[in-house]
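Please read the structure below before turning to the comments.
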Amino acid sequence: MLKTIMLFIFSTFLATLLVSIVSTQIILAEVQSFGLSISTEIRVNATIEDLLGLAPALYLLISIGFLVGFIIAKYAYQLIGGNRILWYVGVGITSFPITIHLIQYVMGLTPIASARTPLGLFLTTCCCIISAWLFAFLTSHSAAQPSYLGNNNEQ
Amino acid sequence: MLITSTISCAETQNKEYKVSTIVENLKYPWSIAFLPNNDMLVTERIGVLRVIREGKLLEKSVSGLPNIYVDGPAGLFDILLDPDFEKNKKLYISYSAGTKSNNFVSVMSATLQGLSLQHQKVIFTGSSRNTPHHHGARMTFLPDGTLLITAGDGFNFREQAQSLQSMLGKVLRINTDGSIPKDNPFVHQNNVRPEIYSYGHRNPQAILVSKTGEVWLHEHGPQGGDELNLLKSGHNYGWPAISYGIDYSGALISPFTEAKGMEQPVTYWIPSIAPAGMTEYQGDIFPQWQGNLFIAALAGKSVRRLSLDDNKVIAEETLLAERQQRIRDIRTSPDGYLYILTDSEQGQLLKLSPNL
């Protein structure tokens, strides 16, 4: 259980890191489209600045999405079966876009600027897919234990 | 507070004014207009146009408003009398029209007959958006009789503030019949909205023409970076390519605060005060405040008085902070008093008079 919690924290941290880095590059590309040039130094500083400024909000959004999604994936796999990894990848595909759309629906705005375009949402979602896949992969050994799953769906 | 190092900012200690509440129970009042017969018209964001007569809020509201999209910050916005109102009874109303997925700033002209709007005509329709946020929607007349309309960036569409093909994040200039003035700055360029007067704005919620003819505009920044700008035709005010603020998410909006070809604000506020209305004082009641700009602050829960010298802010004073009310608008009445609207479901109309 502790290992699963640690891997959950790791995967959400990784997703946050990747989404933050990708978000910064999307925003800098937008700034470049206005005719301003971005040096490597500015890019690195901006990326670090976002890791300090944006990452806490991102972590909250991603971890809530992953927590709900991973619980659903676990029980869906137990009840329905199929490929366990794909259930978790499905969480990576859906959790971030659903979170963003829920906020848009409730608040009438999309707070993560990089996710406002289809391309931006796709790229940030890819970051979540990688992280969710890694979580599924790293927990696959313990998940395969009958005592953990409580049934033989892993077989 | 990050204006310039030379500016002082202080809460008033020895008050030169007193505050009286004229009217209560206004539902999110947004703007006020003073009629020649001493009545006042007050827009309520929920889509109602109220009349205040002899200090009393009339129960009956003005009829004849258009269909208004009311949702959170979207709804009925500004009201502006025609310069020839005494003769033609004409006025202009800005509002959000459309639906949740497709809404836009609109401006309607109409004549006021008693408590009814007649001869309604939509003279301006802005670019479509799918958020109820950042409409701008303030109006003022230039000395040549053309109408300036502010349009916000729609929040989700901030990059369009830099696009001359969109009316989001712009100040637009039209004639009062809805036609485009032939001397607009981009009117002869292809694939450009001919209504555009200036661009690169976020959510400009006040615009006025000073006694000396300057056009002042203030706009909400993101987290920090609210700006006071001196507007010039055809100029780019930078949003979101340059900004002194960061996103609400904590994200960087731009690594730049200045760039070639983009105007710097006359002053800016960090943290945000959320400026939402402005007047230049030119009355006789407070001679010491002649030419000062008064700014209504929502998040700042106060009025900011800016003293200017050569179009630079040399001092800032915070008024009414002790009341802890979100201030939506501030206007100078024809007889020289300052009237203030508070932003609340139980909004108030306040009057500032000298503390004799």
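FYI, nothing fancy with the structure tokens labels: chains A, B, ... in order, residues from 1 per chain, ligands from 1 as they appear.
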So that I can check the secondary structure, give me every residue of range 56-140 of chain A assigned alpha helix (DSSP H) by backbone DSSP, as a PyMOL selection string.
chain A and resi 56-80+84-107+118-138+140
Considering only C-alpha atoms, extract the chain A residues located within 7 Å of chain B and return them as an NGL selection string.
:A and (27 or 31 or 34 or 46 or 50 or 53-54 or 57 or 108-112 or 116)
Could those residues be written to a file, using N, CA, C and O atoms, as a CSV table (one decimal), in the first residue's frame?
```
chain,number,residue,atom,x,y,z
A,27,ILE,N,3.3,28.4,-24.2
A,27,ILE,CA,3.1,29.9,-24.0
A,27,ILE,C,4.2,30.7,-24.7
A,27,ILE,O,4.0,31.7,-25.3
A,31,VAL,N,4.1,33.6,-27.5
A,31,VAL,CA,4.7,34.9,-27.4
A,31,VAL,C,5.6,35.2,-28.6
A,31,VAL,O,5.6,36.3,-29.2
A,34,PHE,N,4.0,36.6,-31.7
A,34,PHE,CA,3.7,38.0,-31.7
A,34,PHE,C,4.9,38.8,-32.2
A,34,PHE,O,5.0,40.0,-32.1
A,46,ALA,N,12.1,31.0,-17.9
A,46,ALA,CA,10.6,30.9,-17.9
A,46,ALA,C,10.1,29.5,-17.5
A,46,ALA,O,9.2,29.4,-16.7
A,50,ASP,N,7.9,28.8,-14.2
A,50,ASP,CA,6.6,28.1,-14.2
A,50,ASP,C,6.6,26.9,-13.3
A,50,ASP,O,5.6,26.5,-12.7
A,53,GLY,N,5.8,28.6,-10.1
A,53,GLY,CA,4.5,29.3,-10.1
A,53,GLY,C,3.3,28.4,-10.5
A,53,GLY,O,2.3,28.5,-9.8
A,54,LEU,N,3.5,27.7,-11.6
A,54,LEU,CA,2.3,27.0,-12.1
A,54,LEU,C,2.2,25.6,-11.5
A,54,LEU,O,1.0,25.1,-11.3
A,57,ALA,N,-0.6,24.6,-8.7
A,57,ALA,CA,-1.9,24.5,-9.2
A,57,ALA,C,-2.1,23.3,-10.0
A,57,ALA,O,-3.1,22.5,-10.0
A,108,GLY,N,-16.7,28.8,-16.4
A,108,GLY,CA,-16.8,29.5,-17.7
A,108,GLY,C,-15.4,29.9,-18.2
A,108,GLY,O,-15.4,30.9,-19.0
A,109,LEU,N,-14.4,29.3,-17.7
A,109,LEU,CA,-13.0,29.6,-18.2
A,109,LEU,C,-12.1,28.5,-18.1
A,109,LEU,O,-12.4,27.5,-17.3
A,110,THR,N,-11.0,28.5,-18.9
A,110,THR,CA,-10.0,27.5,-18.8
A,110,THR,C,-8.8,28.1,-18.1
A,110,THR,O,-8.1,28.9,-18.7
A,111,PRO,N,-8.5,27.7,-16.9
A,111,PRO,CA,-7.4,28.4,-16.2
A,111,PRO,C,-6.0,28.1,-16.7
A,111,PRO,O,-5.1,28.9,-16.5
A,112,ILE,N,-5.8,26.9,-17.2
A,112,ILE,CA,-4.5,26.5,-17.8
A,112,ILE,C,-4.4,27.0,-19.2
A,112,ILE,O,-5.0,26.3,-20.1
A,116,ARG,N,-5.8,25.6,-23.8
A,116,ARG,CA,-7.0,26.2,-24.4
A,116,ARG,C,-7.1,25.9,-25.9
A,116,ARG,O,-8.2,26.1,-26.5
```
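The shell of residues at most 6 Å from range 292-298 of chain B, with only C-alpha atoms counted and near chain neighbours (fewer than 2 positions) removed, consists of Ile273, Ala274, Pro275, Ala276, Gly277, Met278, Thr279, Glu280, Tyr281, Trp289, Gln290, Gly300, Lys301, Ser302, Val303, Arg304, Arg305, Leu306, Ser307, Arg326, Ile327, Arg328, Asp329 and Ile330 of chain B.
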Which residues are close to Leu35 in chain B, i.e. within 10 Å by only C-alpha atoms, leaving aside same-chain residues fewer than 2 positions away? Reply as an MDAnalysis selection string.
chainID B and resid 32:33 37:41 51 81 85:86 89 333:334
Would you output that residue set with N, CA, C and O atoms, as a compact mmCIF listing (two decimals), in the first residue's frame?
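As written to disk, out01.txt reads:
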```
# COMPACT_ATOMS: atom_id res chain seq x y z
N ILE B 32 -23.66 54.45 -14.45
CA ILE B 32 -24.61 55.50 -14.10
C ILE B 32 -24.54 56.61 -15.13
O ILE B 32 -23.47 56.90 -15.68
N ALA B 33 -25.70 57.19 -15.41
CA ALA B 33 -25.76 58.35 -16.32
C ALA B 33 -26.66 59.40 -15.68
O ALA B 33 -27.68 59.07 -15.07
N ASN B 37 -32.68 66.35 -16.43
CA ASN B 37 -33.75 66.69 -15.46
C ASN B 37 -33.38 66.25 -14.03
O ASN B 37 -34.25 66.20 -13.17
N ASN B 38 -32.10 65.92 -13.83
CA ASN B 38 -31.55 65.49 -12.54
C ASN B 38 -31.87 64.05 -12.16
O ASN B 38 -31.47 63.59 -11.10
N ASP B 39 -32.63 63.34 -12.98
CA ASP B 39 -32.77 61.89 -12.77
C ASP B 39 -31.42 61.23 -13.05
O ASP B 39 -30.57 61.79 -13.75
N MET B 40 -31.27 60.05 -12.51
CA MET B 40 -30.08 59.24 -12.82
C MET B 40 -30.54 57.89 -13.34
O MET B 40 -31.52 57.32 -12.83
N LEU B 41 -29.84 57.40 -14.34
CA LEU B 41 -30.08 56.05 -14.84
C LEU B 41 -28.96 55.16 -14.34
O LEU B 41 -27.78 55.52 -14.43
N VAL B 51 -34.13 53.81 -12.49
CA VAL B 51 -34.18 55.27 -12.47
C VAL B 51 -34.14 55.74 -11.01
O VAL B 51 -34.86 55.20 -10.16
N LEU B 81 -25.06 58.80 -22.47
CA LEU B 81 -25.98 59.72 -23.16
C LEU B 81 -25.32 60.29 -24.40
O LEU B 81 -24.11 60.55 -24.42
N PHE B 85 -28.17 64.78 -26.14
CA PHE B 85 -29.31 64.10 -25.50
C PHE B 85 -30.47 65.05 -25.22
O PHE B 85 -31.63 64.67 -25.38
N GLU B 86 -30.15 66.25 -24.82
CA GLU B 86 -31.24 67.19 -24.48
C GLU B 86 -32.18 67.39 -25.66
O GLU B 86 -33.38 67.57 -25.49
N LYS B 89 -32.75 62.94 -27.11
CA LYS B 89 -33.11 61.90 -26.12
C LYS B 89 -32.45 60.56 -26.39
O LYS B 89 -32.92 59.51 -25.96
N SER B 333 -20.92 64.07 -11.22
CA SER B 333 -22.24 64.54 -11.66
C SER B 333 -22.08 65.93 -12.27
O SER B 333 -21.08 66.62 -12.03
N PRO B 334 -23.08 66.37 -13.03
CA PRO B 334 -22.98 67.71 -13.64
C PRO B 334 -22.80 68.82 -12.61
O PRO B 334 -22.21 69.85 -12.90
```
Name the residues in contact with Ile46 in chain B at a cut-off of 10 Å, using only C-alpha atoms, excluding same-chain residues fewer than 5 positions from it; report them as a PyMOL selection string.
chain B and resi 27-30+68-77+345
Residues at most 8 Å from His220 in chain B, counting only C-alpha atoms, excluding those fewer than 2 positions away in the same chain, as an MDAnalysis selection string?
chainID B and resid 202:205 218 222 225:227 272 274:276
Mind writing the picked residues with N, CA and C atoms as a CSV table (one decimal), in the first residue's frame?
```csv
chain,number,residue,atom,x,y,z
B,202,ARG,N,-6.6,43.8,-22.3
B,202,ARG,CA,-7.1,42.6,-21.7
B,202,ARG,C,-8.5,42.7,-21.3
B,203,ASN,N,-8.9,43.5,-20.4
B,203,ASN,CA,-10.3,43.7,-20.0
B,203,ASN,C,-10.4,45.2,-19.6
B,204,PRO,N,-10.5,46.1,-20.6
B,204,PRO,CA,-10.6,47.5,-20.2
B,204,PRO,C,-12.0,47.9,-19.7
B,205,GLN,N,-12.1,48.3,-18.5
B,205,GLN,CA,-13.4,48.6,-17.9
B,205,GLN,C,-13.6,50.1,-17.6
B,218,HIS,N,-8.3,52.3,-18.4
B,218,HIS,CA,-7.6,51.4,-17.5
B,218,HIS,C,-8.2,50.0,-17.8
B,222,PRO,N,-3.9,40.5,-15.1
B,222,PRO,CA,-4.2,39.2,-14.5
B,222,PRO,C,-3.9,39.2,-13.0
B,225,GLY,N,-0.6,43.7,-12.4
B,225,GLY,CA,-0.4,44.2,-13.8
B,225,GLY,C,-1.7,44.9,-14.3
B,226,ASP,N,-2.6,45.4,-13.4
B,226,ASP,CA,-3.6,46.3,-13.8
B,226,ASP,C,-3.0,47.5,-14.4
B,227,GLU,N,-3.5,48.1,-15.4
B,227,GLU,CA,-2.8,49.2,-16.1
B,227,GLU,C,-3.7,50.4,-16.3
B,272,SER,N,-3.1,43.4,-7.9
B,272,SER,CA,-4.2,44.0,-8.6
B,272,SER,C,-5.1,44.7,-7.7
B,274,ALA,N,-8.0,45.6,-9.4
B,274,ALA,CA,-9.2,45.4,-10.3
B,274,ALA,C,-10.0,46.7,-10.6
B,275,PRO,N,-9.4,47.5,-11.4
B,275,PRO,CA,-10.0,48.8,-11.7
B,275,PRO,C,-11.3,48.6,-12.6
B,276,ALA,N,-12.4,49.3,-12.2
B,276,ALA,CA,-13.6,48.9,-12.9
B,276,ALA,C,-14.4,50.2,-13.3
```
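Coordinates place CA of Gly169 in chain B at a distance of 28.8 Å from CA of Thr125 in chain A.
Atom to atom, CA of Asn355 in chain B and CA of Ile22 in chain B stand 16.5 Å apart.
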Extract the full set of strand (DSSP E or B) residues from range 14-213 of chain B according to DSSP on the backbone, and format it as number ranges by chain.
B: 17-26, 29-34, 40-44, 48-53, 56-57, 63, 71, 74, 76-81, 90-98, 103-113, 116-125, 129, 136-141, 147-151, 170-174, 196-199, 203-209
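Neighbouring residues of Met108 in chain B at 10 Å or closer, counting only C-alpha atoms and skipping chain neighbours under 6 positions away, are Leu65, Pro66, Ile79, Leu91, Tyr92, Ile93, Ser94, Tyr95, His119, Gln120, Lys121, Val122, Ile123, Phe124, Thr125, Thr176, Asp177 and Gly178 of chain B.
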